[in-house]
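J.: Take this structure first; my questions come after.
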Amino acid sequence: MSTARGREKAAFIILGFATLLVVLPIILTIVYIIKNGFSAISWGFITQSPRNGMREGGIFPAIVGTIILIIGTMVFSLPLGILSAIYLVEYARDNAFTRLIKLSVVNLSGIPSIVYGLFGFTLFVLFLKLGTSILAGALTLSIMSLPVIITATKEALEAVPYSFREISFSLGATRWQTIRYCVLPYAVPGILTGTVLSLSRAAGETAPILFTVAAFYLPRLPRSVFDQVMALPYHLYVISTQVPNMPAGISFATAFVLIALVFLMNLVSILLRAHYRKKKQW
Amino acid sequence: MHKRISEYVIEGCIRLSGFAVIGFVFLIFLFLLKDSLSLFGIYPVKEFLSGLHWLPISEPPKFGVIPLLLGSLYVTFGAIIICVPLGVASAMFIAEVAPRALKHVLKSLVEILAAIPSVVLGFIGIIWLGPFLKNSFHLTTGMCGLTGSLLLAFMALPTIISISEDALAGVPKSFKEAAYGLGATRWQALWRIILPSASSGIIAGVMLGVGRVIGETMVVMMVTGNSPIIPISILQPLRTLTATIAGEMGETVSGSDHYFALFAVGLVLFVITFVINFLAEIFLRKARR
């Protein structure tokens, strides 16, 4: 028995060490970015346009561009994602066609982001003649965000007890009335959590916007949805690979702002989840 | 049961949205195929799939996908060797060994890692990891397959850990209790009973992680040196399928052979990730049963 105990101890130490190897780099990465980025951040950096070949000044247009893209992505992907999840949970029968839809969701979530970029370029930029624009970029990011929103909404709808629907039906409500008044209100927290999470991912993506919307250098703000914009992740890519003699401080500060934005959105999603969980009544 | 017109409209939208999902996958495949076929009209499929040289702007151009495919496989293989044992081991630690409070902290940290945008990791690869590897191993350049593999392994960890942890935690308690009842230690129960029972879910997690690694673009474009030759060692610069599309698309004229060739590369990627995700889904279903 003592050898078995000894072996257990050794095994657990190895597992713990492996976990440390995973966790330590995560902490170091975050600390590294915060330490180097925070000192380079100033009010001017956030509110000014880049100057002198992006080696001076701020990243204001890139911040605005990313926020515009997040909103644009939400406008398209939120209704589409929620409605298709409602279809899957509340309307679809268990047949081959439904399984095909579910398989498509799985497949969409696995398609590499650069392939979305290619697709967005040929369909939105060229075929639909939207040009390299906010519209084309937001549509591309929307399709990429769909699977996460659909999966989250589906889980939220399925978590609403079936008896809610039965009672509503028994009172003579139609299917849509039932969904609208007896199912959706209780699924909102789950839907919101998933949506914010998927948008935070879209905010950090570079590959899908490479050819659909991102501008290398565009110090003015966009005037319409057919304009290009700068975006934080693409800007970080550009200044860390394409601009020689780039002061490291600016790159770190850009990475810091991007991470701060993404983490803030994640935090909102976590707080929403916690807030609604407290209010849950059944 | 009287239905108003608005209800017909909204229900129509719901059905349409459901069908649209299939439409998108179909459209993506169709558009990739359409432009790939334009290449195969002038450049034989066989030479594309078996060609050993990717020289898109030489005269005549050569669009052999093998160097890019090998580049992707090298980096992916390197990442798998690192992230599969680490990921499964930490999933085991989080699920079965760590006390409750520590478990929450560890899970949150893994979620934080999942949230870091890939371009930030690429930046860290350029500014720190690449130079660090170059100096520690006396390499000719830090921008090589190894740097890419390390960062990709890091990126795949959250997927592998969270799905494996779910699978391990989903094993019925009675299995463990039966093992304890027979006098097994916690480690024996974990290693011989829980781990095998969770294997389908763990395999699915690993495959989804691998799918992410193959499809990742920004990290590999930023740190692997972008040299489209057949890699001999992982310590050399190389070029993956994804980085080729991202790096060359901006330089091509739409409608040129080179442009179509990049879509053919995209089609190869689409097929590879489709197969991986399909298999992962099968394992996930098996795990749920």
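Within each chain, counting starts at residue 1; across the structure tokens, chains are named A, B, ... in the order shown, with ligands numbered 1 upward in that order.
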Could you please write out, as a PyMOL selection string, every residue of region 40-281 of chain B that DSSP assigns to strand (DSSP E)?
T.: chain B and resi 54-55+62-63
J.: Generate a file of the selected residues that holds C-alpha atoms, formatted as a PDB file, in the first residue's frame.
T.:
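Contents of the output file selection-v5.pdb:
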ATOM      1  CA  TRP B  54       5.549  27.306 -54.265  1.00  0.00           C
ATOM      2  CA  LEU B  55       6.894  30.023 -56.584  1.00  0.00           C
ATOM      3  CA  LYS B  62       4.669  27.095 -59.673  1.00  0.00           C
ATOM      4  CA  PHE B  63       1.781  26.462 -57.310  1.00  0.00           C
TER       5      PHE B  63
END
J.: Taking 6 positions as the minimum chain separation for residues in the same chain, which residues sit within 6 Å of region 213-223 of chain B when counting only C-alpha atoms? Answer as a PyMOL selection string.
T.: (chain A and resi 112) or (chain B and resi 119+122+143+148+152+242-243)
J.: Write the residues of the preceding selection, restricted to N, CA and C atoms, as a JSON list (two decimals), in the first residue's frame.
T.:
[["chain", "number", "residue", "atom", "x", "y", "z"],
["A", 112, "PRO", "N", -11.19, 28.10, -40.34],
["A", 112, "PRO", "CA", -10.15, 29.04, -39.93],
["A", 112, "PRO", "C", -10.53, 30.48, -40.27],
["B", 119, "VAL", "N", -3.04, 38.05, -32.27],
["B", 119, "VAL", "CA", -2.05, 39.00, -32.75],
["B", 119, "VAL", "C", -1.17, 39.48, -31.58],
["B", 122, "GLY", "N", 1.40, 36.83, -31.15],
["B", 122, "GLY", "CA", 2.37, 36.98, -32.23],
["B", 122, "GLY", "C", 3.37, 38.09, -31.91],
["B", 143, "MET", "N", 12.90, 33.50, -35.77],
["B", 143, "MET", "CA", 11.64, 33.42, -36.48],
["B", 143, "MET", "C", 11.57, 32.08, -37.22],
["B", 148, "GLY", "N", 6.78, 29.27, -33.56],
["B", 148, "GLY", "CA", 5.37, 29.12, -33.92],
["B", 148, "GLY", "C", 4.72, 28.00, -33.13],
["B", 152, "LEU", "N", 1.57, 28.36, -30.68],
["B", 152, "LEU", "CA", 0.34, 27.67, -31.06],
["B", 152, "LEU", "C", -0.08, 26.68, -29.97],
["B", 242, "THR", "N", -2.10, 28.90, -43.91],
["B", 242, "THR", "CA", -2.82, 30.11, -43.51],
["B", 242, "THR", "C", -1.99, 31.37, -43.77],
["B", 243, "ALA", "N", -0.71, 31.34, -43.40],
["B", 243, "ALA", "CA", 0.14, 32.52, -43.54],
["B", 243, "ALA", "C", 0.33, 32.87, -45.02]]
J.: Just list the residues in region 45-230 of chain B DSSP gives alpha helix (DSSP H) on the backbone, as JSON, numbers by chain.
T.: {"B": [45, 46, 47, 48, 49, 50, 66, 67, 68, 69, 70, 71, 72, 73, 74, 75, 76, 77, 78, 79, 80, 81, 82, 83, 84, 85, 86, 87, 88, 89, 90, 91, 92, 100, 101, 102, 103, 104, 105, 106, 107, 108, 109, 110, 111, 112, 113, 114, 115, 118, 119, 120, 121, 122, 123, 124, 130, 131, 132, 133, 134, 135, 136, 137, 145, 146, 147, 148, 149, 150, 151, 152, 153, 154, 155, 156, 157, 158, 159, 160, 161, 162, 163, 164, 165, 166, 167, 168, 169, 173, 174, 175, 176, 177, 178, 179, 180, 181, 186, 187, 188, 195, 196, 197, 199, 200, 201, 202, 203, 204, 205, 206, 207, 208, 209, 210, 211, 212, 213, 214, 215, 218, 219, 220, 221, 222, 223]}
J.: Identify which of the residues B:Arg15, B:Arg288, B:Phe263, B:Ser6 lies closest to Glu90 (chain A), counting only C-alpha atoms when measuring atom-to-atom distances.
T.: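 Of B:Arg15, B:Arg288, B:Phe263, B:Ser6, the one nearest Glu90 (chain A), counting only C-alpha atoms, is B:Arg15.
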J.: Would you work out the distance separating CA of Leu49 (chain B) from CA of Glu248 (chain B), expressed in Å to one decimal?
T.: 18.9 Å
J.: Write down, as a VMD selection string, each residue of chain B that has any atom within 7 Å of an atom of chain A, counting only C-alpha atoms.
T.: chain B and resid 1 7 14 to 15 17 to 18 21 to 22 25 28 31 86 89 to 90 93 109 113 115 to 117 119 to 120 123 185 187 211 215 to 218 242 246 266 270 273 to 274 277
J.: As a PyMOL selection string, please: the residues near region 190-205 of chain B (cut-off 6 Å, only C-alpha atoms, same-chain neighbours under 4 positions excluded).
T.: chain B and resi 160+163-164+167-168+280+283-284+287
J.: Neighbours of Leu133 (chain B) within 12 Å (only C-alpha atoms; same-chain residues fewer than 3 positions away dropped), as a ChimeraX atom specification?
T.: /B:125-130,136-148,150,223,235
J.: Can you write just those residues out, N, CA and C atoms, as a PDB file, in the first residue's frame?
T.:
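out_35.pdb written:
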ATOM      1  N   GLY B 125       5.773  36.890 -29.498  1.00  0.00           N
ATOM      2  CA  GLY B 125       6.713  36.014 -30.191  1.00  0.00           C
ATOM      3  C   GLY B 125       7.833  36.801 -30.852  1.00  0.00           C
ATOM      4  N   ILE B 126       7.465  37.928 -31.466  1.00  0.00           N
ATOM      5  CA  ILE B 126       8.456  38.744 -32.163  1.00  0.00           C
ATOM      6  C   ILE B 126       9.385  39.443 -31.176  1.00  0.00           C
ATOM      7  N   ILE B 127       8.778  40.021 -30.140  1.00  0.00           N
ATOM      8  CA  ILE B 127       9.568  40.917 -29.299  1.00  0.00           C
ATOM      9  C   ILE B 127      10.323  40.178 -28.193  1.00  0.00           C
ATOM     10  N   TRP B 128       9.802  38.986 -27.789  1.00  0.00           N
ATOM     11  CA  TRP B 128      10.476  38.305 -26.687  1.00  0.00           C
ATOM     12  C   TRP B 128      10.853  36.855 -26.994  1.00  0.00           C
ATOM     13  N   LEU B 129       9.864  36.012 -27.343  1.00  0.00           N
ATOM     14  CA  LEU B 129      10.121  34.580 -27.459  1.00  0.00           C
ATOM     15  C   LEU B 129      11.134  34.254 -28.566  1.00  0.00           C
ATOM     16  N   GLY B 130      10.957  34.879 -29.741  1.00  0.00           N
ATOM     17  CA  GLY B 130      11.871  34.632 -30.862  1.00  0.00           C
ATOM     18  C   GLY B 130      13.318  34.928 -30.498  1.00  0.00           C
ATOM     19  N   SER B 136      19.145  31.419 -26.684  1.00  0.00           N
ATOM     20  CA  SER B 136      19.367  30.250 -25.841  1.00  0.00           C
ATOM     21  C   SER B 136      19.818  29.041 -26.638  1.00  0.00           C
ATOM     22  N   PHE B 137      19.331  28.879 -27.884  1.00  0.00           N
ATOM     23  CA  PHE B 137      19.716  27.691 -28.662  1.00  0.00           C
ATOM     24  C   PHE B 137      20.693  28.020 -29.781  1.00  0.00           C
ATOM     25  N   HIS B 138      21.199  29.249 -29.797  1.00  0.00           N
ATOM     26  CA  HIS B 138      22.151  29.688 -30.813  1.00  0.00           C
ATOM     27  C   HIS B 138      21.642  29.408 -32.223  1.00  0.00           C
ATOM     28  N   LEU B 139      20.390  29.784 -32.504  1.00  0.00           N
ATOM     29  CA  LEU B 139      19.811  29.581 -33.826  1.00  0.00           C
ATOM     30  C   LEU B 139      20.238  30.723 -34.748  1.00  0.00           C
ATOM     31  N   THR B 140      20.122  30.458 -36.074  1.00  0.00           N
ATOM     32  CA  THR B 140      20.423  31.539 -37.007  1.00  0.00           C
ATOM     33  C   THR B 140      19.328  32.598 -36.961  1.00  0.00           C
ATOM     34  N   THR B 141      18.091  32.145 -36.700  1.00  0.00           N
ATOM     35  CA  THR B 141      17.015  33.111 -36.540  1.00  0.00           C
ATOM     36  C   THR B 141      16.002  32.609 -35.513  1.00  0.00           C
ATOM     37  N   GLY B 142      15.389  33.541 -34.792  1.00  0.00           N
ATOM     38  CA  GLY B 142      14.360  33.152 -33.840  1.00  0.00           C
ATOM     39  C   GLY B 142      13.005  33.000 -34.517  1.00  0.00           C
ATOM     40  N   MET B 143      12.903  33.504 -35.768  1.00  0.00           N
ATOM     41  CA  MET B 143      11.636  33.418 -36.483  1.00  0.00           C
ATOM     42  C   MET B 143      11.568  32.077 -37.215  1.00  0.00           C
ATOM     43  N   CYS B 144      11.185  31.019 -36.501  1.00  0.00           N
ATOM     44  CA  CYS B 144      11.211  29.695 -37.097  1.00  0.00           C
ATOM     45  C   CYS B 144      10.038  28.864 -36.613  1.00  0.00           C
ATOM     46  N   GLY B 145       9.981  27.624 -37.089  1.00  0.00           N
ATOM     47  CA  GLY B 145       8.871  26.745 -36.749  1.00  0.00           C
ATOM     48  C   GLY B 145       8.695  26.556 -35.254  1.00  0.00           C
ATOM     49  N   LEU B 146       9.810  26.446 -34.529  1.00  0.00           N
ATOM     50  CA  LEU B 146       9.730  26.178 -33.088  1.00  0.00           C
ATOM     51  C   LEU B 146       8.979  27.291 -32.351  1.00  0.00           C
ATOM     52  N   THR B 147       9.306  28.542 -32.680  1.00  0.00           N
ATOM     53  CA  THR B 147       8.629  29.670 -32.036  1.00  0.00           C
ATOM     54  C   THR B 147       7.122  29.583 -32.296  1.00  0.00           C
ATOM     55  N   GLY B 148       6.778  29.272 -33.562  1.00  0.00           N
ATOM     56  CA  GLY B 148       5.370  29.122 -33.915  1.00  0.00           C
ATOM     57  C   GLY B 148       4.718  28.001 -33.129  1.00  0.00           C
ATOM     58  N   LEU B 150       5.519  26.687 -30.239  1.00  0.00           N
ATOM     59  CA  LEU B 150       5.346  27.008 -28.825  1.00  0.00           C
ATOM     60  C   LEU B 150       4.131  27.903 -28.611  1.00  0.00           C
ATOM     61  N   VAL B 223       5.597  34.960 -36.699  1.00  0.00           N
ATOM     62  CA  VAL B 223       6.811  34.430 -36.060  1.00  0.00           C
ATOM     63  C   VAL B 223       7.520  33.288 -36.785  1.00  0.00           C
ATOM     64  N   LEU B 235      13.591  24.028 -36.705  1.00  0.00           N
ATOM     65  CA  LEU B 235      14.365  25.201 -36.315  1.00  0.00           C
ATOM     66  C   LEU B 235      14.590  26.148 -37.496  1.00  0.00           C
TER      67      LEU B 235
END
J.: For the atom pair CA of Thr193 (chain A) and CA of Ala253 (chain A), what is the interatomic distance in Å to one decimal place?
T.: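 Distance reported for this atom pair: 28.0 Å.
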J.: Leaving out Arg165 (chain A) and any residue of its chain fewer than 5 positions from it, which residues lie within 9 Å of it when counting only C-alpha atoms, given as a ChimeraX atom specification?
T.: /A:160,170,175,178-179,182-183
J.: Which polymer residues have any atom within 10 Å of an atom of Ala189 (chain B), counting only C-alpha atoms, with same-chain residues fewer than 6 positions away left out, as a ChimeraX atom specification?
T.: /B:175-180,182-183,195
J.: Find the residue from B:Ile5, B:Lys286, B:Ser162, B:Val271 that sits nearest to Phe29 (chain B); use only C-alpha atoms when measuring.
T.: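 Looking only at the distances to Phe29 (chain B), the closest residue turns out to be B:Val271.
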